[in-house]
Amino acid sequence: MTGFSADWLALREPHDARARNPAVLNAVVASLKGYPSIRIVDLACGTGSTLRVLAPQFPTGQHWRLVDNDLSLLARAAAMAPPAGGTFTTAPLDLNRDLEAALDGPIDLLTTSALLDLVSEAWLDRLVVETLARSIAIYAALSYDGRIEISPSHSLDAAIVAAVNAHQRRDKGFGPALGPMAASAAIARFESLGYSVVHGAADWVIGPQDREIQLEVFAGWASAAREIGDLPLADTVQWLTFRRDEIAAGCSSLRVGHVDIFARPIGTR
Ligand SMILES: C[S@@+](CC[C@H](N)C(=O)[O-])C[C@H]1O[C@@H](n2cnc3c(N)ncnc32)[C@H](O)[C@@H]1O
């Protein structure tokens with residue numbers, strides 16, 4: 001599995017759904033109570049996981065625009081059933097180039113998940129400005145925040161995590177990425193500009209039975225460490241071998257820190 005393949009997104013979807021912070025999600029749902037219909041734009045929708053998790057909790061008259069630049073992911077999203085009593089359309093757009101086009105027309109709520117850690121400070125500023133200019137609320141879920149706990153521990157964990165976090169700051173198509181700084185940067189910006197922000201931890205809690213996602217995550221981290229190049233290759237191999245042995249023995253678990261944010265203009269519900 002590479003990058004944002006459909007297989008990887010499917011593997012992480014149930015963990016993302018479980019991780020979402022309930023207080024933040026409740027605040028989003030409460031803010032929409034009483035709306036006969038809502039218009040939502042989901043930025044970087046992938047195969048549509050945000051719609052799948054939110055639709056059952058939203059008012060029935062919900063109308064989504066799903067935006068992504070990956071046509072194959074968007075095709076999978078287009079194939080899903082519409083929400084009960086609602087509709088969705090897909091929009092192939094490069095959000096780095098065409099954010100403003102993605103936000104065209106009336107919007108009641110902007111959603112995104114696992115996007116903010118990919119974007120640059122300049123792009124986040126652009127998103128904040130565009131959101132404020134339109135006075136829209138935004139629910140940005142599942143931004144990785146740099147916290148990783150692995151059990152059992154290994155002497156190379158800290159070096160691997162440092163490499164992962166350095167890799168997270170590399171350009172992911174929006175300029176140098178905010179990576180683990182994304183959530184705190186977004187919270188600070190929205191608060192300083194007068195938005196009310198509810199936020200909270202939305203960590204993946206992955207147990208010994210979740211072997212497949214652990215194999216993918218650890219392989220991804222080893223390849224990030226190899227690309228960063230601060231660690232001798234033999235150390236990375238030793239670490240990955242240890243991790244795979246622990247998974248096979250049913251003894252491996254991990255927590256990966258994420259943050260959910262709901263920011264809305266003060267004075268709206
Ligand atoms: C980590 S995935 C998250 C997908 C989905 N939100 C989810 O939670 O399953 C990041 C998504 O960002 C999309 N993406 C990355 N760069 C993009 C860009 N420049 N314009 C639009 N979408 C982009 C990818 O195609 C991918 O679907």
# chains A, B, ... in the order shown; residues from 1 in each chain; ligands from 1
>>> select_by_dssp(residues="segment 62-201 of chain A", states="helix (DSSP H, G or I)", output="PyMOL selection string")
chain A and resi 71-78+95-102+116-118+121-134+157-168+179-192
>>> residues_around(residues="Gly34 of chain A", least_positions_apart="5", cutoff="12 Å", atoms="only C-alpha atoms", output="list of chain:residue names")
A:Val29, A:Phe58, A:Pro59, A:Thr60, A:Gly61, A:Arg269
>>> write_last_selection(atoms="N, CA and C atoms", output="PDB file, in the first residue's frame")
ATOM      1  N   VAL A  29     -22.514  18.152  15.622  1.00  0.00           N
ATOM      2  CA  VAL A  29     -23.894  17.700  15.396  1.00  0.00           C
ATOM      3  C   VAL A  29     -24.882  18.690  16.022  1.00  0.00           C
ATOM      4  N   PHE A  58     -26.277  13.485  10.897  1.00  0.00           N
ATOM      5  CA  PHE A  58     -26.641  14.807  10.400  1.00  0.00           C
ATOM      6  C   PHE A  58     -28.118  14.841  10.004  1.00  0.00           C
ATOM      7  N   PRO A  59     -28.700  16.050   9.901  1.00  0.00           N
ATOM      8  CA  PRO A  59     -30.089  16.150   9.432  1.00  0.00           C
ATOM      9  C   PRO A  59     -30.243  15.459   8.075  1.00  0.00           C
ATOM     10  N   THR A  60     -31.459  14.948   7.811  1.00  0.00           N
ATOM     11  CA  THR A  60     -31.622  14.134   6.600  1.00  0.00           C
ATOM     12  C   THR A  60     -31.383  14.947   5.327  1.00  0.00           C
ATOM     13  N   GLY A  61     -31.809  16.188   5.316  1.00  0.00           N
ATOM     14  CA  GLY A  61     -31.609  16.977   4.092  1.00  0.00           C
ATOM     15  C   GLY A  61     -30.169  17.455   3.987  1.00  0.00           C
ATOM     16  N   ARG A 269     -24.901  28.848  16.053  1.00  0.00           N
ATOM     17  CA  ARG A 269     -25.204  27.779  16.999  1.00  0.00           C
ATOM     18  C   ARG A 269     -24.106  26.734  17.020  1.00  0.00           C
TER      19      ARG A 269
END
>>> closest_residue(among="A:Ala162, A:Ala77, A:Ala101, A:Ala44", to="ligand 1", atoms="only C-alpha atoms and all ligand atoms")
A:Ala44
>>> closest_atom_pairs(of="chain A", to="ligand 1", cutoff="8 Å", atoms="only C-alpha atoms and all ligand atoms", output="Markdown table")
| residue | atom | partner | partner_atom_place_in_ligand_line | distance |
| --- | --- | --- | --- | --- |
| A:Phe4 | CA | ligand 1 | 26 (C) | 5.4 |
| A:Leu9 | CA | ligand 1 | 9 (O) | 5.2 |
| A:Ala10 | CA | ligand 1 | 9 (O) | 7.5 |
| A:Arg12 | CA | ligand 1 | 9 (O) | 7.5 |
| A:Glu13 | CA | ligand 1 | 9 (O) | 6.2 |
| A:Asp16 | CA | ligand 1 | 8 (O) | 7.4 |
| A:Asp42 | CA | ligand 1 | 6 (N) | 7.8 |
| A:Leu43 | CA | ligand 1 | 22 (N) | 6.9 |
| A:Ala44 | CA | ligand 1 | 12 (O) | 4.2 |
| A:Cys45 | CA | ligand 1 | 6 (N) | 4.2 |
| A:Gly46 | CA | ligand 1 | 27 (O) | 3.3 |
| A:Thr47 | CA | ligand 1 | 9 (O) | 6.4 |
| A:Gly48 | CA | ligand 1 | 5 (C) | 6.5 |
| A:Ser49 | CA | ligand 1 | 9 (O) | 4.9 |
| A:Thr50 | CA | ligand 1 | 8 (O) | 6.2 |
| A:Val67 | CA | ligand 1 | 21 (C) | 6.6 |
| A:Asp68 | CA | ligand 1 | 22 (N) | 3.9 |
| A:Asn69 | CA | ligand 1 | 21 (C) | 4.0 |
| A:Asp70 | CA | ligand 1 | 25 (O) | 4.6 |
| A:Leu73 | CA | ligand 1 | 27 (O) | 6.5 |
| A:Pro92 | CA | ligand 1 | 21 (C) | 7.7 |
| A:Leu93 | CA | ligand 1 | 21 (C) | 5.8 |
| A:Asp94 | CA | ligand 1 | 20 (N) | 3.6 |
| A:Leu95 | CA | ligand 1 | 20 (N) | 3.8 |
| A:Asn96 | CA | ligand 1 | 19 (N) | 4.8 |
| A:Arg97 | CA | ligand 1 | 19 (N) | 7.3 |
| A:Thr112 | CA | ligand 1 | 6 (N) | 5.8 |
| A:Ser113 | CA | ligand 1 | 6 (N) | 4.3 |
| A:Ala114 | CA | ligand 1 | 1 (C) | 4.7 |
| A:Leu115 | CA | ligand 1 | 10 (C) | 5.3 |
| A:Leu118 | CA | ligand 1 | 15 (C) | 7.4 |
| A:Leu142 | CA | ligand 1 | 8 (O) | 7.6 |
| A:Lys172 | CA | ligand 1 | 16 (N) | 6.9 |
| A:Gly173 | CA | ligand 1 | 19 (N) | 5.7 |
| A:Phe174 | CA | ligand 1 | 19 (N) | 6.5 |
>>> write_last_selection(atoms="N, CA and C atoms", output="CSV table (one decimal), in the first residue's frame")
chain,number,residue,atom,x,y,z
A,4,PHE,N,-1.8,7.4,-0.5
A,4,PHE,CA,-3.2,7.4,0.0
A,4,PHE,C,-4.0,6.4,-0.9
A,9,LEU,N,-6.6,3.6,2.9
A,9,LEU,CA,-7.7,4.4,3.5
A,9,LEU,C,-8.8,3.5,4.1
A,10,ALA,N,-9.0,2.3,3.4
A,10,ALA,CA,-10.0,1.4,3.9
A,10,ALA,C,-9.5,0.7,5.2
A,12,ARG,N,-7.5,2.1,7.4
A,12,ARG,CA,-7.5,3.0,8.6
A,12,ARG,C,-8.9,3.5,8.9
A,13,GLU,N,-9.9,3.4,8.0
A,13,GLU,CA,-11.2,3.9,8.3
A,13,GLU,C,-11.9,3.6,9.6
A,16,ASP,N,-10.0,5.3,12.4
A,16,ASP,CA,-10.4,6.8,12.4
A,16,ASP,C,-11.8,7.0,13.0
A,42,ASP,N,-16.6,18.6,1.8
A,42,ASP,CA,-15.6,17.8,2.4
A,42,ASP,C,-14.3,17.9,1.6
A,43,LEU,N,-13.3,18.5,2.2
A,43,LEU,CA,-12.0,18.7,1.5
A,43,LEU,C,-11.1,17.5,1.6
A,44,ALA,N,-10.5,17.0,0.5
A,44,ALA,CA,-9.7,15.8,0.5
A,44,ALA,C,-10.4,14.6,1.0
A,45,CYS,N,-11.5,14.3,0.3
A,45,CYS,CA,-12.5,13.3,0.8
A,45,CYS,C,-12.0,11.9,0.7
A,46,GLY,N,-10.9,11.6,-0.1
A,46,GLY,CA,-10.5,10.2,-0.3
A,46,GLY,C,-11.7,9.4,-0.9
A,47,THR,N,-12.0,8.3,-0.3
A,47,THR,CA,-13.1,7.5,-0.8
A,47,THR,C,-14.5,7.8,-0.1
A,48,GLY,N,-14.5,8.9,0.7
A,48,GLY,CA,-15.7,9.3,1.3
A,48,GLY,C,-15.9,8.9,2.8
A,49,SER,N,-14.8,8.7,3.5
A,49,SER,CA,-15.0,8.2,4.9
A,49,SER,C,-15.7,9.2,5.8
A,50,THR,N,-15.5,10.5,5.5
A,50,THR,CA,-16.1,11.5,6.4
A,50,THR,C,-17.6,11.5,6.2
A,67,VAL,N,-14.5,16.7,-2.4
A,67,VAL,CA,-13.4,17.2,-3.2
A,67,VAL,C,-12.1,16.4,-3.0
A,68,ASP,N,-11.5,16.1,-4.0
A,68,ASP,CA,-10.2,15.4,-3.9
A,68,ASP,C,-9.5,15.6,-5.3
A,69,ASN,N,-8.2,15.4,-5.3
A,69,ASN,CA,-7.5,15.5,-6.6
A,69,ASN,C,-7.1,14.1,-7.2
A,70,ASP,N,-7.4,13.1,-6.4
A,70,ASP,CA,-7.1,11.7,-6.8
A,70,ASP,C,-8.4,11.1,-7.5
A,73,LEU,N,-9.6,7.6,-6.2
A,73,LEU,CA,-10.3,7.7,-5.0
A,73,LEU,C,-11.7,8.3,-5.1
A,92,PRO,N,-13.4,16.9,-8.8
A,92,PRO,CA,-12.0,16.7,-8.9
A,92,PRO,C,-11.2,18.1,-8.9
A,93,LEU,N,-10.6,18.4,-7.8
A,93,LEU,CA,-9.9,19.7,-7.7
A,93,LEU,C,-8.6,19.5,-7.0
A,94,ASP,N,-7.6,20.2,-7.4
A,94,ASP,CA,-6.3,20.3,-6.6
A,94,ASP,C,-6.5,21.4,-5.6
A,95,LEU,N,-6.5,21.0,-4.3
A,95,LEU,CA,-6.8,22.0,-3.3
A,95,LEU,C,-5.7,23.0,-3.1
A,96,ASN,N,-4.5,22.6,-3.5
A,96,ASN,CA,-3.4,23.6,-3.5
A,96,ASN,C,-3.6,24.7,-4.4
A,97,ARG,N,-4.1,24.3,-5.6
A,97,ARG,CA,-4.3,25.3,-6.7
A,97,ARG,C,-5.7,26.0,-6.6
A,112,THR,N,-13.1,18.1,6.9
A,112,THR,CA,-12.0,17.4,6.4
A,112,THR,C,-11.4,16.5,7.4
A,113,SER,N,-10.7,15.4,7.0
A,113,SER,CA,-10.1,14.6,7.9
A,113,SER,C,-8.8,14.1,7.4
A,114,ALA,N,-7.8,14.1,8.3
A,114,ALA,CA,-6.4,13.6,7.9
A,114,ALA,C,-5.9,14.5,6.8
A,115,LEU,N,-6.2,15.8,6.8
A,115,LEU,CA,-5.6,16.6,5.7
A,115,LEU,C,-4.7,17.7,6.3
A,118,LEU,N,-0.9,17.6,6.3
A,118,LEU,CA,-0.2,17.6,5.0
A,118,LEU,C,0.0,18.9,4.5
A,142,LEU,N,-8.8,14.4,12.9
A,142,LEU,CA,-7.8,13.5,12.7
A,142,LEU,C,-6.5,14.0,12.1
A,172,LYS,N,4.1,17.8,1.0
A,172,LYS,CA,3.2,16.8,0.6
A,172,LYS,C,2.3,17.4,-0.5
A,173,GLY,N,2.8,18.4,-1.2
A,173,GLY,CA,2.0,18.9,-2.3
A,173,GLY,C,1.5,20.3,-2.0
A,174,PHE,N,1.7,20.8,-0.8
A,174,PHE,CA,1.2,22.1,-0.4
A,174,PHE,C,2.3,23.0,0.1
>>> atom_distance(atom1="atom CA of Val256 of chain A", atom2="atom CA of Arg147 of chain A")
5.9 Å
>>> residues_around(residues="Ile40 of chain A", least_positions_apart="2", cutoff="12 Å", atoms="only C-alpha atoms", output="JSON list (two decimals) with N, CA, C and O atoms, in the first residue's frame")
[["chain", "number", "residue", "atom", "x", "y", "z"],
["A", 28, "VAL", "N", -20.30, 19.47, 16.77],
["A", 28, "VAL", "CA", -20.62, 19.63, 15.34],
["A", 28, "VAL", "C", -22.10, 19.32, 15.11],
["A", 28, "VAL", "O", -22.84, 20.10, 14.50],
["A", 32, "LEU", "N", -25.81, 21.80, 14.12],
["A", 32, "LEU", "CA", -26.63, 21.65, 12.92],
["A", 32, "LEU", "C", -28.09, 21.32, 13.24],
["A", 32, "LEU", "O", -28.92, 21.20, 12.35],
["A", 37, "SER", "N", -32.10, 21.62, 6.14],
["A", 37, "SER", "CA", -31.16, 21.00, 5.20],
["A", 37, "SER", "C", -29.80, 21.69, 5.34],
["A", 37, "SER", "O", -29.73, 22.86, 5.77],
["A", 38, "ILE", "N", -28.75, 20.94, 5.04],
["A", 38, "ILE", "CA", -27.40, 21.52, 5.18],
["A", 38, "ILE", "C", -26.57, 21.21, 3.95],
["A", 38, "ILE", "O", -26.75, 20.17, 3.30],
["A", 42, "ASP", "N", -16.62, 18.57, 1.80],
["A", 42, "ASP", "CA", -15.58, 17.76, 2.43],
["A", 42, "ASP", "C", -14.30, 17.88, 1.61],
["A", 42, "ASP", "O", -14.26, 17.44, 0.45],
["A", 43, "LEU", "N", -13.27, 18.48, 2.21],
["A", 43, "LEU", "CA", -12.00, 18.70, 1.51],
["A", 43, "LEU", "C", -11.13, 17.46, 1.64],
["A", 43, "LEU", "O", -10.95, 16.93, 2.74],
["A", 45, "CYS", "N", -11.50, 14.30, 0.34],
["A", 45, "CYS", "CA", -12.47, 13.30, 0.81],
["A", 45, "CYS", "C", -11.96, 11.87, 0.72],
["A", 45, "CYS", "O", -12.54, 10.98, 1.34],
["A", 50, "THR", "N", -15.47, 10.46, 5.54],
["A", 50, "THR", "CA", -16.11, 11.48, 6.41],
["A", 50, "THR", "C", -17.63, 11.46, 6.23],
["A", 50, "THR", "O", -18.38, 11.48, 7.21],
["A", 51, "LEU", "N", -18.06, 11.38, 4.98],
["A", 51, "LEU", "CA", -19.51, 11.29, 4.74],
["A", 51, "LEU", "C", -20.08, 10.04, 5.41],
["A", 51, "LEU", "O", -21.09, 10.10, 6.10],
["A", 54, "LEU", "N", -20.32, 10.62, 9.18],
["A", 54, "LEU", "CA", -21.14, 11.74, 9.68],
["A", 54, "LEU", "C", -22.60, 11.68, 9.23],
["A", 54, "LEU", "O", -23.49, 12.13, 9.96],
["A", 55, "ALA", "N", -22.84, 11.13, 8.05],
["A", 55, "ALA", "CA", -24.20, 11.19, 7.49],
["A", 55, "ALA", "C", -25.28, 10.69, 8.45],
["A", 55, "ALA", "O", -26.32, 11.34, 8.60],
["A", 58, "PHE", "N", -26.28, 13.48, 10.90],
["A", 58, "PHE", "CA", -26.64, 14.81, 10.40],
["A", 58, "PHE", "C", -28.12, 14.84, 10.00],
["A", 58, "PHE", "O", -28.73, 13.80, 9.79],
["A", 59, "PRO", "N", -28.70, 16.05, 9.90],
["A", 59, "PRO", "CA", -30.09, 16.15, 9.43],
["A", 59, "PRO", "C", -30.24, 15.46, 8.08],
["A", 59, "PRO", "O", -29.29, 15.41, 7.29],
["A", 61, "GLY", "N", -31.81, 16.19, 5.32],
["A", 61, "GLY", "CA", -31.61, 16.98, 4.09],
["A", 61, "GLY", "C", -30.17, 17.45, 3.99],
["A", 61, "GLY", "O", -29.88, 18.63, 4.18],
["A", 62, "GLN", "N", -29.26, 16.53, 3.71],
["A", 62, "GLN", "CA", -27.84, 16.90, 3.67],
["A", 62, "GLN", "C", -27.30, 16.76, 2.25],
["A", 62, "GLN", "O", -27.56, 15.78, 1.57],
["A", 63, "HIS", "N", -26.56, 17.77, 1.84],
["A", 63, "HIS", "CA", -26.08, 17.81, 0.47],
["A", 63, "HIS", "C", -24.58, 18.06, 0.49],
["A", 63, "HIS", "O", -24.12, 19.11, 0.95],
["A", 64, "TRP", "N", -23.85, 17.08, 0.04],
["A", 64, "TRP", "CA", -22.39, 17.09, 0.16],
["A", 64, "TRP", "C", -21.72, 17.36, -1.18],
["A", 64, "TRP", "O", -22.17, 16.88, -2.22],
["A", 65, "ARG", "N", -20.60, 18.09, -1.12],
["A", 65, "ARG", "CA", -19.67, 18.14, -2.25],
["A", 65, "ARG", "C", -18.36, 17.55, -1.76],
["A", 65, "ARG", "O", -17.77, 18.05, -0.79],
["A", 66, "LEU", "N", -17.93, 16.47, -2.40],
["A", 66, "LEU", "CA", -16.70, 15.78, -2.00],
["A", 66, "LEU", "C", -15.58, 16.16, -2.94],
["A", 66, "LEU", "O", -15.70, 15.96, -4.16],
["A", 67, "VAL", "N", -14.50, 16.69, -2.38],
["A", 67, "VAL", "CA", -13.42, 17.23, -3.21],
["A", 67, "VAL", "C", -12.13, 16.45, -2.97],
["A", 67, "VAL", "O", -11.74, 16.22, -1.81],
["A", 86, "GLY", "N", -30.52, 12.46, 1.34],
["A", 86, "GLY", "CA", -29.57, 13.49, 0.94],
["A", 86, "GLY", "C", -28.94, 13.19, -0.41],
["A", 86, "GLY", "O", -29.33, 12.25, -1.11],
["A", 87, "THR", "N", -27.96, 14.00, -0.77],
["A", 87, "THR", "CA", -27.28, 13.83, -2.05],
["A", 87, "THR", "C", -25.79, 14.12, -1.86],
["A", 87, "THR", "O", -25.40, 14.72, -0.86],
["A", 88, "PHE", "N", -24.99, 13.68, -2.82],
["A", 88, "PHE", "CA", -23.61, 14.17, -2.87],
["A", 88, "PHE", "C", -23.14, 14.26, -4.31],
["A", 88, "PHE", "O", -23.65, 13.56, -5.17],
["A", 89, "THR", "N", -22.18, 15.16, -4.52],
["A", 89, "THR", "CA", -21.51, 15.24, -5.81],
["A", 89, "THR", "C", -20.02, 15.14, -5.53],
["A", 89, "THR", "O", -19.58, 15.37, -4.39],
["A", 90, "THR", "N", -19.26, 14.79, -6.55],
["A", 90, "THR", "CA", -17.81, 14.77, -6.39],
["A", 90, "THR", "C", -17.19, 15.86, -7.27],
["A", 90, "THR", "O", -17.72, 16.16, -8.34],
["A", 102, "ALA", "N", -13.20, 25.13, -4.68],
["A", 102, "ALA", "CA", -13.84, 24.08, -3.85],
["A", 102, "ALA", "C", -14.87, 24.70, -2.91],
["A", 102, "ALA", "O", -15.82, 24.03, -2.49],
["A", 103, "LEU", "N", -14.67, 25.98, -2.57],
["A", 103, "LEU", "CA", -15.54, 26.63, -1.59],
["A", 103, "LEU", "C", -16.61, 27.49, -2.26],
["A", 103, "LEU", "O", -17.28, 28.29, -1.58],
["A", 104, "ASP", "N", -16.79, 27.31, -3.54],
["A", 104, "ASP", "CA", -17.75, 28.13, -4.27],
["A", 104, "ASP", "C", -19.18, 27.82, -3.82],
["A", 104, "ASP", "O", -19.52, 26.67, -3.60],
["A", 105, "GLY", "N", -20.01, 28.84, -3.69],
["A", 105, "GLY", "CA", -21.43, 28.65, -3.39],
["A", 105, "GLY", "C", -21.70, 28.57, -1.90],
["A", 105, "GLY", "O", -20.78, 28.60, -1.08],
["A", 106, "PRO", "N", -22.98, 28.46, -1.53],
["A", 106, "PRO", "CA", -23.34, 28.45, -0.11],
["A", 106, "PRO", "C", -22.89, 27.17, 0.60],
["A", 106, "PRO", "O", -23.06, 26.07, 0.06],
["A", 107, "ILE", "N", -22.32, 27.34, 1.78],
["A", 107, "ILE", "CA", -21.81, 26.19, 2.56],
["A", 107, "ILE", "C", -22.20, 26.41, 4.02],
["A", 107, "ILE", "O", -22.01, 27.49, 4.57],
["A", 108, "ASP", "N", -22.75, 25.37, 4.64],
["A", 108, "ASP", "CA", -23.08, 25.45, 6.08],
["A", 108, "ASP", "C", -21.96, 24.88, 6.93],
["A", 108, "ASP", "O", -21.79, 25.28, 8.08],
["A", 109, "LEU", "N", -21.23, 23.92, 6.38],
["A", 109, "LEU", "CA", -20.17, 23.27, 7.15],
["A", 109, "LEU", "C", -19.08, 22.77, 6.21],
["A", 109, "LEU", "O", -19.38, 22.17, 5.17],
["A", 110, "LEU", "N", -17.85, 23.04, 6.62],
["A", 110, "LEU", "CA", -16.69, 22.51, 5.90],
["A", 110, "LEU", "C", -16.16, 21.35, 6.74],
["A", 110, "LEU", "O", -16.03, 21.49, 7.97],
["A", 111, "THR", "N", -15.89, 20.23, 6.10],
["A", 111, "THR", "CA", -15.30, 19.12, 6.84],
["A", 111, "THR", "C", -14.00, 18.70, 6.16],
["A", 111, "THR", "O", -13.80, 18.94, 4.97],
["A", 112, "THR", "N", -13.14, 18.08, 6.95],
["A", 112, "THR", "CA", -11.97, 17.44, 6.38],
["A", 112, "THR", "C", -11.44, 16.47, 7.42],
["A", 112, "THR", "O", -11.68, 16.63, 8.62],
["A", 136, "ILE", "N", -17.91, 30.43, 7.67],
["A", 136, "ILE", "CA", -18.30, 29.01, 7.68],
["A", 136, "ILE", "C", -17.70, 28.35, 8.91],
["A", 136, "ILE", "O", -16.59, 28.70, 9.34],
["A", 137, "ALA", "N", -18.39, 27.35, 9.43],
["A", 137, "ALA", "CA", -17.83, 26.49, 10.48],
["A", 137, "ALA", "C", -17.01, 25.38, 9.81],
["A", 137, "ALA", "O", -17.33, 24.95, 8.70],
["A", 138, "ILE", "N", -15.96, 24.94, 10.51],
["A", 138, "ILE", "CA", -15.12, 23.87, 9.94],
["A", 138, "ILE", "C", -14.86, 22.78, 10.99],
["A", 138, "ILE", "O", -14.52, 23.09, 12.14],
["A", 139, "TYR", "N", -15.05, 21.55, 10.56],
["A", 139, "TYR", "CA", -14.75, 20.39, 11.40],
["A", 139, "TYR", "C", -13.57, 19.68, 10.75],
["A", 139, "TYR", "O", -13.70, 19.06, 9.69]]
>>> atom_distance(atom1="atom CA of Gly175 of chain A", atom2="atom CA of Val119 of chain A")
6.9 Å
>>> closest_residue(among="A:Ser223, A:Ser252, A:Ser196, A:Ser184", to="Arg211 of chain A", atoms="only C-alpha atoms")
A:Ser252
>>> residues_around(residues="segment 213-218 of chain A", least_positions_apart="4", cutoff="7 Å", atoms="only C-alpha atoms", output="list in words")
Leu11, Ala222, Leu240 and Arg244 of chain A
>>> write_last_selection(atoms="all heavy atoms", output="PDB file, in the first residue's frame")
ATOM      1  N   LEU A  11      -8.227   0.480   5.299  1.00  0.00           N
ATOM      2  CA  LEU A  11      -7.650  -0.134   6.505  1.00  0.00           C
ATOM      3  C   LEU A  11      -7.738   0.820   7.701  1.00  0.00           C
ATOM      4  O   LEU A  11      -8.010   0.408   8.827  1.00  0.00           O
ATOM      5  CB  LEU A  11      -6.187  -0.503   6.209  1.00  0.00           C
ATOM      6  CG  LEU A  11      -5.404  -1.270   7.267  1.00  0.00           C
ATOM      7  CD1 LEU A  11      -6.100  -2.578   7.640  1.00  0.00           C
ATOM      8  CD2 LEU A  11      -3.978  -1.554   6.756  1.00  0.00           C
ATOM      9  N   ALA A 222       9.297   2.792   8.939  1.00  0.00           N
ATOM     10  CA  ALA A 222      10.661   2.368   8.586  1.00  0.00           C
ATOM     11  C   ALA A 222      11.077   3.025   7.273  1.00  0.00           C
ATOM     12  O   ALA A 222      12.219   3.480   7.119  1.00  0.00           O
ATOM     13  CB  ALA A 222      10.730   0.844   8.480  1.00  0.00           C
ATOM     14  N   LEU A 240      12.440  -2.779  12.694  1.00  0.00           N
ATOM     15  CA  LEU A 240      11.255  -3.302  11.996  1.00  0.00           C
ATOM     16  C   LEU A 240      11.102  -4.804  12.234  1.00  0.00           C
ATOM     17  O   LEU A 240       9.975  -5.293  12.426  1.00  0.00           O
ATOM     18  CB  LEU A 240      11.349  -2.982  10.494  1.00  0.00           C
ATOM     19  CG  LEU A 240      10.117  -3.328   9.662  1.00  0.00           C
ATOM     20  CD1 LEU A 240       8.857  -2.620  10.186  1.00  0.00           C
ATOM     21  CD2 LEU A 240      10.334  -2.971   8.191  1.00  0.00           C
ATOM     22  N   ARG A 244       7.841  -6.552  13.867  1.00  0.00           N
ATOM     23  CA  ARG A 244       7.079  -7.609  13.169  1.00  0.00           C
ATOM     24  C   ARG A 244       6.995  -8.865  14.034  1.00  0.00           C
ATOM     25  O   ARG A 244       5.957  -9.527  14.067  1.00  0.00           O
ATOM     26  CB  ARG A 244       7.721  -7.920  11.819  1.00  0.00           C
ATOM     27  CG  ARG A 244       7.432  -6.801  10.822  1.00  0.00           C
ATOM     28  CD  ARG A 244       8.066  -7.050   9.485  1.00  0.00           C
ATOM     29  NE  ARG A 244       7.587  -6.077   8.507  1.00  0.00           N
ATOM     30  CZ  ARG A 244       8.211  -5.761   7.384  1.00  0.00           C
ATOM     31  NH1 ARG A 244       9.362  -6.329   7.071  1.00  0.00           N
ATOM     32  NH2 ARG A 244       7.696  -4.870   6.560  1.00  0.00           N
TER      33      ARG A 244
END
>>> closest_residue(among="A:Trp221, A:Tyr144, A:Trp239, A:Phe190", to="Asp203 of chain A", atoms="only C-alpha atoms")
A:Tyr144
>>> atom_distance(atom1="atom CA of His199 of chain A", atom2="atom CA of Ser120 of chain A")
20.3 Å
>>> select_by_dssp(residues="segment 96-189 of chain A", states="strand (DSSP E)", output="PyMOL selection string")
chain A and resi 109-113+137-151
>>> residues_around(residues="Arg189 of chain A", least_positions_apart="3", cutoff="12 Å", atoms="only C-alpha atoms", output="list in words")
Glu121, Ala122, Leu124, Asp125, Arg126, Leu127, Val128, Val129, Thr131, Leu132, Ala182, Ala183, Ser184, Ala185, Ala186, Ser192, Leu193, Gly194, Tyr195, Ser196, Val197 and Ala263 of chain A
>>> residues_around(residues="Arg243 of chain A", least_positions_apart="3", cutoff="10 Å", atoms="only C-alpha atoms", output="ChimeraX atom specification")
/A:150-154,214-215,218-219,237-240,246-249,251-253
>>> write_last_selection(atoms="C-alpha atoms", output="PDB file, in the first residue's frame")
ATOM      1  CA  ILE A 150       4.447   1.719  21.202  1.00  0.00           C
ATOM      2  CA  SER A 151       4.352  -1.308  23.424  1.00  0.00           C
ATOM      3  CA  PRO A 152       6.595  -3.161  24.075  1.00  0.00           C
ATOM      4  CA  SER A 153       9.229  -0.459  23.810  1.00  0.00           C
ATOM      5  CA  HIS A 154      12.495  -0.741  21.873  1.00  0.00           C
ATOM      6  CA  GLN A 214       0.310  -2.279  12.580  1.00  0.00           C
ATOM      7  CA  LEU A 215       2.261  -3.991   9.790  1.00  0.00           C
ATOM      8  CA  PHE A 218       5.500   0.195  11.022  1.00  0.00           C
ATOM      9  CA  ALA A 219       6.573  -0.457   7.421  1.00  0.00           C
ATOM     10  CA  VAL A 237      15.939  -3.140   9.835  1.00  0.00           C
ATOM     11  CA  GLN A 238      16.561  -4.326  13.409  1.00  0.00           C
ATOM     12  CA  TRP A 239      13.687  -2.151  14.689  1.00  0.00           C
ATOM     13  CA  LEU A 240      11.255  -3.302  11.996  1.00  0.00           C
ATOM     14  CA  GLU A 246       5.998  -8.672  18.374  1.00  0.00           C
ATOM     15  CA  ILE A 247       2.991  -8.363  16.061  1.00  0.00           C
ATOM     16  CA  ALA A 248       3.275 -12.046  15.108  1.00  0.00           C
ATOM     17  CA  ALA A 249       3.457 -12.964  18.796  1.00  0.00           C
ATOM     18  CA  CYS A 251       2.059  -8.672  21.885  1.00  0.00           C
ATOM     19  CA  SER A 252       2.202  -5.373  19.991  1.00  0.00           C
ATOM     20  CA  SER A 253       0.015  -2.320  20.538  1.00  0.00           C
TER      21      SER A 253
END
>>> closest_residue(among="A:Ala17, A:Gly85, A:Asp117, A:Glu191", to="Pro176 of chain A", atoms="only C-alpha atoms")
A:Asp117
>>> residues_around(residues="Arg18 of chain A", least_positions_apart="4", cutoff="12 Å", atoms="only C-alpha atoms", output="PyMOL selection string")
chain A and resi 12-14+22+25+53+141-142+201-206+258
